[in-house]
Every structure is written in structure tokens, then in C-alpha cells.
$ cat coords_29.txt   # compact mmCIF, C-alpha atoms
# COMPACT_ATOMS: atom_id res chain seq x y z
CA MET Y 1 30.54 -19.56 1.17
CA LYS Y 2 31.95 -18.27 4.42
CA ASN Y 3 30.82 -14.70 3.69
CA ALA Y 4 27.26 -15.66 2.72
CA PRO Y 5 25.85 -15.86 6.28
CA VAL Y 6 27.72 -12.70 7.20
CA ASN Y 7 26.30 -10.75 4.26
CA ARG Y 8 22.81 -12.05 5.01
CA ALA Y 9 23.08 -10.95 8.64
CA SER Y 10 24.39 -7.55 7.56
CA SER Y 11 21.44 -7.10 5.20
CA GLN Y 12 18.98 -7.95 7.97
CA SER Y 13 20.70 -5.48 10.28
CA ALA Y 14 20.47 -2.74 7.65
CA TRP Y 15 16.74 -3.41 7.16
CA ARG Y 16 16.14 -3.26 10.91
CA LEU Y 17 17.94 0.07 11.10
CA ALA Y 18 15.95 1.39 8.14
CA TRP Y 19 12.60 0.39 9.69
CA ARG Y 20 13.66 1.91 12.98
CA ARG Y 21 14.42 5.14 11.18
CA VAL Y 22 10.97 5.13 9.55
CA GLY Y 23 9.34 4.66 12.96
CA ILE Y 24 11.33 7.54 14.44
CA VAL Y 25 10.34 9.84 11.58
CA LEU Y 26 6.63 8.97 11.89
CA ARG Y 27 6.64 9.48 15.67
CA SER Y 28 8.40 12.82 15.27
CA MET Y 29 5.86 13.93 12.68
CA TRP Y 30 2.96 12.95 14.93
CA ARG Y 31 4.31 15.19 17.71
CA ARG Y 32 4.11 18.23 15.42
CA ALA Y 33 0.82 20.00 14.77
CA ASP Y 34 1.35 20.16 11.00
CA GLY Y 35 2.57 16.58 10.84
CA ALA Y 36 -0.35 15.28 12.92
CA TYR Y 37 -2.84 17.11 10.70
CA ALA Y 38 -1.21 15.76 7.53
CA LEU Y 39 -1.06 12.17 8.79
CA THR Y 40 -4.66 12.31 10.05
CA VAL Y 41 -6.15 13.72 6.83
CA LEU Y 42 -4.11 11.44 4.57
CA GLY Y 43 -4.95 8.44 6.74
CA LEU Y 44 -8.66 9.22 6.45
CA TRP Y 45 -8.23 9.65 2.69
CA LEU Y 46 -6.62 6.22 2.37
CA ALA Y 47 -9.33 4.69 4.57
CA VAL Y 48 -12.08 6.17 2.37
CA CYS Y 49 -10.30 4.83 -0.73
CA ILE Y 50 -10.22 1.33 0.73
CA VAL Y 51 -13.87 1.47 1.77
CA SER Y 52 -15.01 2.91 -1.58
CA ALA Y 53 -13.32 0.03 -3.41
CA ILE Y 54 -15.60 -2.37 -1.48
CA TRP Y 55 -18.77 -0.42 -0.64
CA THR Y 56 -20.58 2.82 -1.51
CA PRO Y 57 -24.11 3.95 -0.53
CA TYR Y 58 -25.32 3.67 -4.15
CA LYS Y 59 -24.03 2.38 -7.43
CA LEU Y 60 -21.95 4.94 -9.25
CA LEU Y 61 -24.38 5.63 -12.11
CA TYR Y 62 -27.56 5.31 -10.01
CA SER Y 63 -29.81 8.32 -10.63
CA ASP Y 64 -32.67 9.35 -8.35
CA GLY Y 65 -34.89 11.49 -10.57
CA ARG Y 66 -37.09 12.54 -7.66
CA ASN Y 67 -34.19 14.08 -5.74
CA VAL Y 68 -32.44 16.22 -8.36
CA TRP Y 69 -30.41 18.94 -6.60
CA ALA Y 70 -31.69 17.57 -3.29
CA GLY Y 71 -30.13 18.79 -0.06
CA PRO Y 72 -28.68 16.55 2.66
CA SER Y 73 -31.11 13.92 3.90
CA MET Y 74 -31.18 10.39 5.28
CA ALA Y 75 -31.31 8.99 1.75
CA HIS Y 76 -28.52 11.26 0.48
CA PRO Y 77 -26.29 12.44 3.39
CA LEU Y 78 -24.52 15.06 1.26
CA GLY Y 79 -27.32 15.67 -1.20
CA ALA Y 80 -27.62 14.94 -4.93
CA ASP Y 81 -26.40 16.69 -8.07
CA GLY Y 82 -28.31 17.83 -11.15
CA ALA Y 83 -28.48 14.29 -12.54
CA GLY Y 84 -29.78 12.81 -9.30
CA HIS Y 85 -26.44 11.14 -8.47
CA ASP Y 86 -25.60 10.72 -4.80
CA LEU Y 87 -22.80 13.15 -3.96
CA LEU Y 88 -21.34 10.97 -1.20
CA THR Y 89 -21.00 8.03 -3.60
CA TRP Y 90 -19.29 10.14 -6.25
CA LEU Y 91 -16.92 11.75 -3.75
CA MET Y 92 -15.99 8.36 -2.28
CA LYS Y 93 -15.33 6.87 -5.71
CA GLY Y 94 -13.59 10.07 -6.75
CA SER Y 95 -11.15 9.76 -3.85
CA LEU Y 96 -9.89 6.51 -5.39
CA THR Y 97 -9.44 8.16 -8.80
CA GLN Y 98 -7.75 11.12 -7.16
CA LEU Y 99 -5.33 8.85 -5.31
CA GLY Y 100 -4.38 7.12 -8.55
CA ILE Y 101 -3.75 10.46 -10.29
CA VAL Y 102 -1.62 11.73 -7.41
CA ALA Y 103 0.38 8.49 -7.24
CA LEU Y 104 1.07 8.54 -10.98
CA VAL Y 105 2.04 12.22 -10.98
CA VAL Y 106 4.39 11.79 -8.01
CA ALA Y 107 6.02 8.66 -9.47
CA CYS Y 108 6.51 10.20 -12.92
CA THR Y 109 7.74 13.47 -11.43
CA ALA Y 110 10.27 11.65 -9.24
CA VAL Y 111 11.62 9.57 -12.13
CA LEU Y 112 11.81 12.47 -14.59
CA GLY Y 113 13.21 14.76 -11.91
CA LEU Y 114 15.99 12.34 -10.95
CA LEU Y 115 16.91 11.86 -14.59
CA GLY Y 116 16.96 15.64 -15.01
CA VAL Y 117 19.17 16.12 -11.95
CA TRP Y 118 21.54 13.41 -13.19
CA ALA Y 119 21.76 15.14 -16.57
CA SER Y 120 22.27 18.53 -14.91
CA LEU Y 121 25.27 17.28 -12.94
CA GLY Y 122 27.17 15.98 -15.95
CA ALA Y 123 30.93 15.85 -15.57
CA HIS Y 124 32.69 17.54 -12.65
CA ALA Y 125 29.53 18.11 -10.57
CA GLY Y 126 27.64 20.11 -13.16
CA ALA Y 127 30.55 22.16 -14.53
CA GLY Y 128 30.43 20.56 -17.99
CA ARG Y 129 29.15 22.33 -21.09
CA GLY Y 130 26.41 19.75 -21.63
CA ALA Y 131 25.07 20.27 -18.10
CA ARG Y 132 24.93 24.03 -18.62
CA ILE Y 133 23.09 23.65 -21.92
CA TRP Y 134 20.60 21.30 -20.26
CA MET Y 135 19.90 23.80 -17.48
CA VAL Y 136 19.26 26.54 -20.05
CA CYS Y 137 16.69 24.24 -21.65
CA VAL Y 138 15.12 23.57 -18.24
CA ASP Y 139 14.86 27.29 -17.48
CA THR Y 140 13.20 27.83 -20.86
CA LEU Y 141 10.71 24.98 -20.50
CA ILE Y 142 9.69 26.05 -16.99
CA ALA Y 143 8.12 29.15 -18.53
CA VAL Y 144 5.60 27.00 -20.45
CA PRO Y 145 2.28 26.94 -18.49
CA THR Y 146 0.92 23.58 -17.39
CA VAL Y 147 -2.46 24.35 -18.97
CA LEU Y 148 -0.80 24.92 -22.35
CA VAL Y 149 1.03 21.60 -22.08
CA ALA Y 150 -2.25 19.87 -21.20
CA MET Y 151 -3.99 21.43 -24.18
CA LEU Y 152 -1.23 20.24 -26.51
CA VAL Y 153 -1.32 16.72 -25.06
CA SER Y 154 -5.12 16.60 -25.27
CA VAL Y 155 -5.01 17.01 -29.07
CA PRO Y 156 -3.90 13.40 -29.75
CA LEU Y 157 -5.18 11.86 -26.49
CA GLY Y 158 -8.46 13.68 -26.01
CA SER Y 159 -9.97 14.22 -22.57
CA SER Y 160 -8.36 11.61 -20.30
CA ILE Y 161 -6.47 11.06 -17.06
CA ALA Y 162 -3.27 10.65 -19.09
CA VAL Y 163 -3.48 14.34 -20.06
CA VAL Y 164 -3.44 15.39 -16.40
CA VAL Y 165 -0.59 13.02 -15.51
CA LEU Y 166 1.64 13.93 -18.46
CA ALA Y 167 1.11 17.68 -18.18
CA CYS Y 168 1.67 17.79 -14.42
CA SER Y 169 4.66 15.43 -14.47
CA PHE Y 170 6.37 17.44 -17.21
CA ALA Y 171 5.92 20.77 -15.45
CA TYR Y 172 6.68 19.62 -11.90
CA SER Y 173 9.78 17.60 -12.82
CA LEU Y 174 11.38 20.69 -14.36
CA SER Y 175 10.76 22.66 -11.18
CA MET Y 176 12.24 19.86 -9.11
CA VAL Y 177 15.40 19.82 -11.25
CA ARG Y 178 15.84 23.56 -10.80
CA VAL Y 179 15.35 23.45 -7.00
CA THR Y 180 17.37 20.31 -6.19
CA ARG Y 181 20.34 20.87 -8.52
CA PRO Y 182 22.37 23.10 -6.10
CA VAL Y 183 22.06 20.50 -3.33
CA ALA Y 184 23.00 17.74 -5.76
CA GLN Y 185 26.08 19.69 -6.85
CA LEU Y 186 27.28 20.02 -3.26
CA ALA Y 187 26.80 16.31 -2.66
CA ALA Y 188 28.56 15.34 -5.91
CA ALA Y 189 31.58 17.45 -4.94
CA SER Y 190 31.80 16.13 -1.36
CA PRO Y 191 34.81 14.17 -0.03
CA TYR Y 192 32.92 10.91 0.57
CA VAL Y 193 31.83 10.85 -3.08
CA ALA Y 194 35.44 11.32 -4.13
CA ALA Y 195 36.41 8.47 -1.78
CA SER Y 196 33.79 6.20 -3.35
CA ARG Y 197 35.05 6.99 -6.84
CA SER Y 198 38.60 6.24 -5.74
CA TYR Y 199 37.45 2.74 -4.79
CA GLY Y 200 36.08 2.23 -8.30
CA VAL Y 201 32.35 2.77 -7.59
CA GLY Y 202 30.41 3.52 -10.80
CA GLU Y 203 28.78 6.87 -11.49
CA ALA Y 204 25.24 5.46 -11.37
CA ARG Y 205 25.86 3.86 -7.99
CA VAL Y 206 27.46 7.03 -6.67
CA PHE Y 207 24.42 9.05 -7.78
CA PHE Y 208 21.80 6.79 -6.23
CA THR Y 209 23.70 6.07 -2.99
CA HIS Y 210 25.14 9.52 -2.26
CA VAL Y 211 23.46 12.27 -4.29
CA VAL Y 212 19.89 10.98 -4.02
CA PRO Y 213 19.97 10.69 -0.17
CA ALA Y 214 21.38 14.21 -0.02
CA ILE Y 215 18.55 15.70 -2.08
CA ALA Y 216 15.85 13.47 -0.53
CA PRO Y 217 14.55 16.11 1.96
CA THR Y 218 14.24 18.72 -0.79
CA MET Y 219 12.62 16.16 -3.08
CA ALA Y 220 10.12 15.26 -0.36
CA VAL Y 221 8.93 18.86 -0.16
CA GLN Y 222 8.78 19.22 -3.94
CA LEU Y 223 6.92 15.94 -4.44
CA SER Y 224 4.38 16.73 -1.71
CA MET Y 225 3.74 20.12 -3.32
CA SER Y 226 3.45 18.38 -6.70
CA ALA Y 227 0.88 15.98 -5.24
CA GLY Y 228 -1.22 18.83 -3.87
CA THR Y 229 -0.91 20.88 -7.04
CA ALA Y 230 -1.88 17.84 -9.12
CA ILE Y 231 -5.26 17.75 -7.36
CA LEU Y 232 -5.80 21.42 -8.13
CA ALA Y 233 -4.64 20.90 -11.73
CA GLU Y 234 -7.04 17.98 -12.18
CA SER Y 235 -9.94 20.11 -10.99
CA GLY Y 236 -9.01 23.00 -13.25
CA LEU Y 237 -8.35 20.88 -16.34
CA THR Y 238 -11.57 18.91 -15.80
CA TYR Y 239 -13.49 22.18 -15.56
CA LEU Y 240 -11.96 23.20 -18.91
CA GLY Y 241 -13.02 19.87 -20.42
CA ILE Y 242 -9.53 18.40 -21.01
CA GLY Y 243 -9.09 16.50 -17.77
CA VAL Y 244 -10.99 13.51 -16.37
CA PRO Y 245 -13.61 12.42 -18.94
CA ALA Y 246 -17.33 12.30 -18.24
CA GLY Y 247 -18.48 9.21 -16.40
CA VAL Y 248 -15.24 8.85 -14.42
CA PRO Y 249 -15.65 9.97 -10.80
CA SER Y 250 -13.23 12.53 -9.43
CA TRP Y 251 -13.42 15.53 -7.14
CA GLY Y 252 -12.91 17.84 -10.07
CA ARG Y 253 -15.67 16.07 -12.02
CA SER Y 254 -18.03 16.50 -9.02
CA LEU Y 255 -17.13 20.18 -8.79
CA ALA Y 256 -17.18 21.20 -12.46
CA PRO Y 257 -20.93 20.90 -13.32
CA CYS Y 258 -21.99 22.47 -10.02
CA ALA Y 259 -19.69 25.52 -10.12
CA LYS Y 260 -22.03 27.46 -12.40
CA LEU Y 261 -24.88 27.09 -9.89
CA ILE Y 262 -22.94 27.91 -6.74
CA THR Y 263 -25.34 30.70 -5.78
CA VAL Y 264 -28.37 28.39 -6.11
CA HIS Y 265 -27.06 25.00 -4.92
CA THR Y 266 -24.18 26.02 -2.67
CA LEU Y 267 -23.66 22.73 -0.84
CA THR Y 268 -22.99 20.78 -4.03
CA VAL Y 269 -19.91 22.95 -4.51
CA ILE Y 270 -18.87 23.18 -0.86
CA TRP Y 271 -18.45 19.43 -0.29
CA PRO Y 272 -15.89 18.71 -3.06
CA GLY Y 273 -14.27 22.09 -2.41
CA LEU Y 274 -13.71 21.24 1.25
CA LEU Y 275 -12.21 17.86 0.35
CA ILE Y 276 -9.83 19.38 -2.17
CA THR Y 277 -8.75 22.11 0.25
CA ALA Y 278 -8.20 19.75 3.20
CA VAL Y 279 -6.15 17.24 1.21
CA VAL Y 280 -4.05 19.86 -0.62
CA VAL Y 281 -3.17 21.57 2.67
CA ALA Y 282 -2.31 18.19 4.23
CA LEU Y 283 -0.01 17.27 1.34
CA ASN Y 284 1.81 20.60 1.54
CA LEU Y 285 2.26 20.30 5.31
CA LEU Y 286 3.42 16.71 4.91
CA GLY Y 287 6.46 17.78 2.90
CA ASP Y 288 7.50 20.43 5.45
CA ALA Y 289 7.12 18.04 8.39
CA LEU Y 290 8.90 15.21 6.57
CA ARG Y 291 11.80 17.46 5.63
CA ASP Y 292 12.44 18.44 9.26
CA CYS Y 293 11.75 15.07 10.87
CA ALA Y 294 13.85 13.07 8.40
CA ASP Y 295 16.91 15.32 8.78
CA PRO Y 296 19.37 14.00 11.41
CA LEU Y 297 20.70 17.53 11.93
CA VAL Y 298 17.24 18.64 13.11
CA ASN Y 299 15.84 15.43 14.61
CA ALA Y 300 17.92 14.56 17.70
CA GLU Y 301 16.26 11.14 18.09
CA LEU Y 302 17.23 10.20 14.57
CA ARG Y 303 20.76 11.40 15.21
CA ARG Y 304 21.02 9.24 18.33
CA ALA Y 305 19.92 6.21 16.32
CA GLY Y 306 22.80 6.88 13.93
CA TYR Y 307 25.25 7.05 16.83
CA GLU Y 308 23.94 3.78 18.25
CA ALA Y 309 24.45 2.16 14.85
CA ALA Y 310 28.04 3.40 14.87
CA ASP Y 311 28.49 1.90 18.36
CA VAL Y 312 27.39 -1.48 16.99
CA LEU Y 313 30.17 -1.20 14.42
CA ASP Y 314 32.70 -0.38 17.14
CA ASP Y 315 31.61 -3.39 19.20
CA LYS Y 316 32.12 -5.64 16.22
CA GLY Y 317 35.56 -4.15 15.76
CA ASP Y 318 36.48 -5.02 19.37
CA GLU Y 319 35.66 -8.66 18.69
CA GLY Y 320 38.35 -8.68 15.99
CA ASP Y 321 36.36 -10.27 13.16
CA GLU Y 322 37.33 -8.27 10.10
CA ASP Y 323 34.68 -9.84 7.85
CA ASP Y 324 31.88 -9.01 10.29
CA ARG Y 325 33.16 -5.47 10.68
CA ALA Y 326 33.20 -4.89 6.94
CA ALA Y 327 29.73 -6.37 6.48
CA ASP Y 328 28.17 -4.39 9.34
CA ALA Y 329 29.82 -1.18 8.18
CA ALA Y 330 28.38 -1.59 4.71
CA GLY Y 331 24.94 -2.34 6.15
CA ILE Y 332 24.95 0.68 8.47
CA ALA Y 333 26.21 2.94 5.71
CA GLY Y 334 23.42 1.84 3.40
CA ALA Y 335 20.71 2.16 6.05
CA PHE Y 336 21.65 5.72 6.97
CA GLY Y 337 22.48 6.93 3.47
CA ALA Y 338 26.19 7.16 4.08
CA ALA Y 339 29.17 6.18 1.95
CA ASP Y 340 29.11 3.13 -0.32
CA VAL Y 341 32.36 1.32 -0.86
CA PRO Y 342 33.23 -2.20 -2.07
CA ASP Y 343 33.34 -5.17 0.28
CA ALA Y 344 37.11 -5.31 0.01
CA ALA Y 345 37.48 -1.84 1.52
CA ASP Y 346 38.95 -1.29 4.94
CA PRO Y 347 36.11 -0.94 7.50
CA SER Y 348 37.90 1.98 9.11
CA ASP Y 349 37.59 3.86 5.82
CA ILE Y 350 33.87 3.16 5.82
CA SER Y 351 33.53 4.52 9.34
CA VAL Y 352 35.34 7.69 8.29
CA ALA Y 353 32.99 8.06 5.33
CA VAL Y 354 29.95 7.60 7.59
CA SER Y 355 31.24 10.34 9.91
CA ALA Y 356 31.87 12.65 6.95
CA LYS Y 357 28.30 12.08 5.76
CA GLU Y 358 26.87 12.93 9.18
CA GLU Y 359 28.97 16.10 9.41
CA SER Y 360 27.80 17.23 5.95
$ encode --input "coords_29.txt" --output "C-alpha cells"
Amino acid sequence: MKNAPVNRASSQSAWRLAWRRVGIVLRSMWRRADGAYALTVLGLWLAVCIVSAIWTPYKLLYSDGRNVWAGPSMAHPLGADGAGHDLLTWLMKGSLTQLGIVALVVACTAVLGLLGVWASLGAHAGAGRGARIWMVCVDTLIAVPTVLVAMLVSVPLGSSIAVVVLACSFAYSLSMVRVTRPVAQLAAASPYVAASRSYGVGEARVFFTHVVPAIAPTMAVQLSMSAGTAILAESGLTYLGIGVPAGVPSWGRSLAPCAKLITVHTLTVIWPGLLITAVVVALNLLGDALRDCADPLVNAELRRAGYEAADVLDDKGDEGDEDDRAADAAGIAGAFGAADVPDAADPSDISVAVSAKEES
């Protein structure tokens, strides 16, 4: 019972440090041109999604037969398509569908990618026979085109959003495994991982508390590229007729029927094309900016925050309360992705592990 308040206070301290780190990363991204562009475009995208869930200029299936292929006007700010549908309404509703597809692809890619990285490490940081066999399979499967996977998935499922999500997640997760495996191997063979294992920490906990933070910057770039490529894949697959089904709004669905008449009704193709281009560029730039701003070796402000957290640990040590020192050390280590050791460990060992993590 004595340690309960201490552990609760340590958890609150770790959360405060984590939120402070998020604020530092966002401010650093905003100071960069690419980060500011990415945050601005993605913020507008989220705002449009929220508004479209509540209000749109017209109902989704409303058709104005007198304004088929109409240009921009007061009634239809972006014009109308060949069925008389308001383009602004379909693009606003399509942004919500597009956000759902991107979120599903990123989540599935992250889960499958982490499982693939875990399997690729195997025993002895990826030196096992099973890990080598798995990587040969990954290299072989990477050669399979995403369109071919989508066509195979569409046979039982038909034209649906699930086809886009499954095909993209399968292809992008394999690429993420290939790119992040070298970084994961270095982290798995590091001294602080060996120290954690010596304290009896399980393999799953070692992976998620040491290896995953080490590959997080590389994963951020890969996932942001996967998000942008998923939008392009949805447009291409929908144009081929195996993506988003008819009647479901999406940017690819708005673009597909108008592409054949681009020389006659140019604006009906330009509007969805501009949206797709702007968002894909923003997602790609987001990964680059996030990789640099979230790395303490590059971001001096983030590095100073880590040093201040270590000073808090030293102050606790001067007070002589061993329980508080151990609890605060564990909280700081968790907040900054450093070593993870049991509560019974010596706090000085934890401080050494934190320093080793920062140096690596």
C-alpha cells in the first residue's frame, strides 16, 4: 500500500513528460516549411471531414438535371458532374471516406509490419534460421504488384473498400519490414536490451519498449508514405472498377467518371486531382518532418527536455527516498523510450540504461 501513491505519482509524471514531448515535436514541425505545410493541409482535411459529417451544400444523391456538366456557379461552387451531382458535396463527403481508408491502411500496415519485424528478428537479433527464411519470403512477396493483390482479393469480395485496405496493407507492411529490420537488429543487439533481459524482462516487453521506440522514426516515414500511396491506390483501383463501389463518395470515385472527358470538362477532373495531390504531398512531407523533429539527436529542444527529466531523477536521489527514485526512474525511462527494468532494480542501473539509450 505504501508504494501505491508513489507509483501513481510516477505514472502522472511520465504522462506529463510524454505530453511535453508531443508539444515540442509539434512546435518544431511548425517552424519548418515542410512541417507547416503538412500540418496546415492535414488540419484543413480534418476540418472538412468534421464539417461534412454535419453539413454539405446538397444531399449526397441529389441530382440537378438542368446543370449537368455545369461549371462553377453560385448554385454549384465547383460545378456539377455528368449526373448533375454537386462536386463540392461529393468531394466533402469523399474526404471522410478517404480519411477512413487512410486510417485503416495505416493501422493495418503498422500492426502487420510490427509482427513482421518481430518475426524477422527471431533468436539472436535476427541471426536464426527461421528469421532468414522469413526474410526470403518477404523479399519474394514484395515483388507482387499491389494491383495484382487487389484483383485477387476482389474475386471473393467484389468491388469494396476492403479490397483497397487489404491490398495496400499487405504490400506496404512488407516494405516496412524490409526497411525497418536493420534498425530493429541494431536495437535488439544493444547493451540496454541485454541489461533488460538480465533482469528477467520478457521478449515481448523488450520488443515493444526498446525495439519499437528505436524504429519509430523510420516507421513514421514509412507509414506516412503508405498513407499517401493509399490515396493514389484508391484512385487507381476505383478507376479500374475494383476499388470503392458506385454510390460511395471518394476522391477516386469523383475522378474516375470524369477522366475520360478531361479535354471537354477539364474542371471536373482538376478539383479532385488537386485535392489528391495536395494531401499526398502533405502526408509525404509529414513523415520527413516528424522523423527529424522527433529525434533527440537532431532536435536540441527535445534533447534538453530529456536532460531536465534526468535532473528530476537526480534531485529525487538527493532526497534519499529510494522508492521515489525507483518510481521516477521507471516513469522517465518509459516517457522517453529508454530502458525498462523491474521495480526491484537499482535506480542507478536505470539511469545508466537511460544514458545508454540517449547515446545510441
$ closest_residue --input "coords_29.txt" --among "Y:Leu44, Y:Leu96, Y:Ala18, Y:Val164" --to "Y:Leu237" --atoms "only C-alpha atoms"
Y:Val164
$ closest_residue --input "coords_29.txt" --among "Y:Val163, Y:Val221, Y:Arg304, Y:Trp19" --to "Y:Gly241" --atoms "all atoms listed in the file"
Y:Val163
$ atom_distance --input "coords_29.txt" --atom1 "atom CA of Y:Ala289" --atom2 "atom CA of Y:Met29"
6.1 Å
$ atom_distance --input "coords_29.txt" --atom1 "atom CA of Y:Pro182" --atom2 "atom CA of Y:Val105"
23.6 Å
$ residues_near_point --input "coords_29.txt" --point "(-35.7, 8.9, -10.9)" --cutoff "12 Å" --atoms "only C-alpha atoms" --output "PDB file with C-alpha atoms, keeping the file's coordinate frame"
ATOM      1  CA  LEU Y  61     -24.380   5.630 -12.110  1.00  0.00           C
ATOM      2  CA  TYR Y  62     -27.560   5.310 -10.010  1.00  0.00           C
ATOM      3  CA  SER Y  63     -29.810   8.320 -10.630  1.00  0.00           C
ATOM      4  CA  ASP Y  64     -32.670   9.350  -8.350  1.00  0.00           C
ATOM      5  CA  GLY Y  65     -34.890  11.490 -10.570  1.00  0.00           C
ATOM      6  CA  ARG Y  66     -37.090  12.540  -7.660  1.00  0.00           C
ATOM      7  CA  ASN Y  67     -34.190  14.080  -5.740  1.00  0.00           C
ATOM      8  CA  VAL Y  68     -32.440  16.220  -8.360  1.00  0.00           C
ATOM      9  CA  ALA Y  80     -27.620  14.940  -4.930  1.00  0.00           C
ATOM     10  CA  GLY Y  82     -28.310  17.830 -11.150  1.00  0.00           C
ATOM     11  CA  ALA Y  83     -28.480  14.290 -12.540  1.00  0.00           C
ATOM     12  CA  GLY Y  84     -29.780  12.810  -9.300  1.00  0.00           C
ATOM     13  CA  HIS Y  85     -26.440  11.140  -8.470  1.00  0.00           C
ATOM     14  CA  ASP Y  86     -25.600  10.720  -4.800  1.00  0.00           C
TER      15      ASP Y  86
END
$ closest_residue --input "coords_29.txt" --among "Y:Leu141, Y:Ile262, Y:Ala70, Y:Ala167" --to "Y:Thr109" --atoms "only C-alpha atoms"
Y:Ala167
$ atom_distance --input "coords_29.txt" --atom1 "atom CA of Y:Gly35" --atom2 "atom CA of Y:Thr97"
24.5 Å
$ residues_around --input "coords_29.txt" --residues "stretch 110-121 of chain Y" --least-positions-apart "5" --cutoff "12 Å" --atoms "only C-alpha atoms" --output "PyMOL selection string"
chain Y and resi 103-105+126-139+166+168-189+203-208+211-213+215-216+218-224+226-227
$ write_last_selection --input "coords_29.txt" --atoms "C-alpha atoms" --output "compact mmCIF listing (two decimals), keeping the file's coordinate frame"
# COMPACT_ATOMS: atom_id res chain seq x y z
CA ALA Y 103 0.38 8.49 -7.24
CA LEU Y 104 1.07 8.54 -10.98
CA VAL Y 105 2.04 12.22 -10.98
CA GLY Y 126 27.64 20.11 -13.16
CA ALA Y 127 30.55 22.16 -14.53
CA GLY Y 128 30.43 20.56 -17.99
CA ARG Y 129 29.15 22.33 -21.09
CA GLY Y 130 26.41 19.75 -21.63
CA ALA Y 131 25.07 20.27 -18.10
CA ARG Y 132 24.93 24.03 -18.62
CA ILE Y 133 23.09 23.65 -21.92
CA TRP Y 134 20.60 21.30 -20.26
CA MET Y 135 19.90 23.80 -17.48
CA VAL Y 136 19.26 26.54 -20.05
CA CYS Y 137 16.69 24.24 -21.65
CA VAL Y 138 15.12 23.57 -18.24
CA ASP Y 139 14.86 27.29 -17.48
CA LEU Y 166 1.64 13.93 -18.46
CA CYS Y 168 1.67 17.79 -14.42
CA SER Y 169 4.66 15.43 -14.47
CA PHE Y 170 6.37 17.44 -17.21
CA ALA Y 171 5.92 20.77 -15.45
CA TYR Y 172 6.68 19.62 -11.90
CA SER Y 173 9.78 17.60 -12.82
CA LEU Y 174 11.38 20.69 -14.36
CA SER Y 175 10.76 22.66 -11.18
CA MET Y 176 12.24 19.86 -9.11
CA VAL Y 177 15.40 19.82 -11.25
CA ARG Y 178 15.84 23.56 -10.80
CA VAL Y 179 15.35 23.45 -7.00
CA THR Y 180 17.37 20.31 -6.19
CA ARG Y 181 20.34 20.87 -8.52
CA PRO Y 182 22.37 23.10 -6.10
CA VAL Y 183 22.06 20.50 -3.33
CA ALA Y 184 23.00 17.74 -5.76
CA GLN Y 185 26.08 19.69 -6.85
CA LEU Y 186 27.28 20.02 -3.26
CA ALA Y 187 26.80 16.31 -2.66
CA ALA Y 188 28.56 15.34 -5.91
CA ALA Y 189 31.58 17.45 -4.94
CA GLU Y 203 28.78 6.87 -11.49
CA ALA Y 204 25.24 5.46 -11.37
CA ARG Y 205 25.86 3.86 -7.99
CA VAL Y 206 27.46 7.03 -6.67
CA PHE Y 207 24.42 9.05 -7.78
CA PHE Y 208 21.80 6.79 -6.23
CA VAL Y 211 23.46 12.27 -4.29
CA VAL Y 212 19.89 10.98 -4.02
CA PRO Y 213 19.97 10.69 -0.17
CA ILE Y 215 18.55 15.70 -2.08
CA ALA Y 216 15.85 13.47 -0.53
CA THR Y 218 14.24 18.72 -0.79
CA MET Y 219 12.62 16.16 -3.08
CA ALA Y 220 10.12 15.26 -0.36
CA VAL Y 221 8.93 18.86 -0.16
CA GLN Y 222 8.78 19.22 -3.94
CA LEU Y 223 6.92 15.94 -4.44
CA SER Y 224 4.38 16.73 -1.71
CA SER Y 226 3.45 18.38 -6.70
CA ALA Y 227 0.88 15.98 -5.24
$ residues_around --input "coords_29.txt" --residues "Y:Pro272" --least-positions-apart "5" --cutoff "8 Å" --atoms "only C-alpha atoms" --output "number ranges by chain"
Y: 91, 251-252, 254-255
$ closest_residue --input "coords_29.txt" --among "Y:Leu88, Y:Val155, Y:Pro217, Y:Arg16" --to "Y:Leu286" --atoms "only C-alpha atoms"
Y:Pro217
$ closest_residue --input "coords_29.txt" --among "Y:Asp34, Y:Met225, Y:Ser250, Y:Ile101" --to "Y:Leu60" --atoms "all atoms listed in the file"
Y:Ser250
$ closest_residue --input "coords_29.txt" --among "Y:Pro72, Y:Cys108, Y:Ile242, Y:Val48" --to "Y:Thr268" --atoms "all atoms listed in the file"
Y:Pro72
$ residues_around --input "coords_29.txt" --residues "Y:Trp45" --least-positions-apart "3" --cutoff "12 Å" --atoms "all atoms listed in the file" --output "list in words"
Ala38, Leu39, Thr40, Val41, Leu42, Val48, Cys49, Ile50, Val51, Ser52, Leu91, Met92, Lys93, Gly94, Ser95, Leu96, Thr97, Gln98, Leu99, Leu275, Ile276, Ala278, Val279, Val280, Ala282 and Leu283 of chain Y
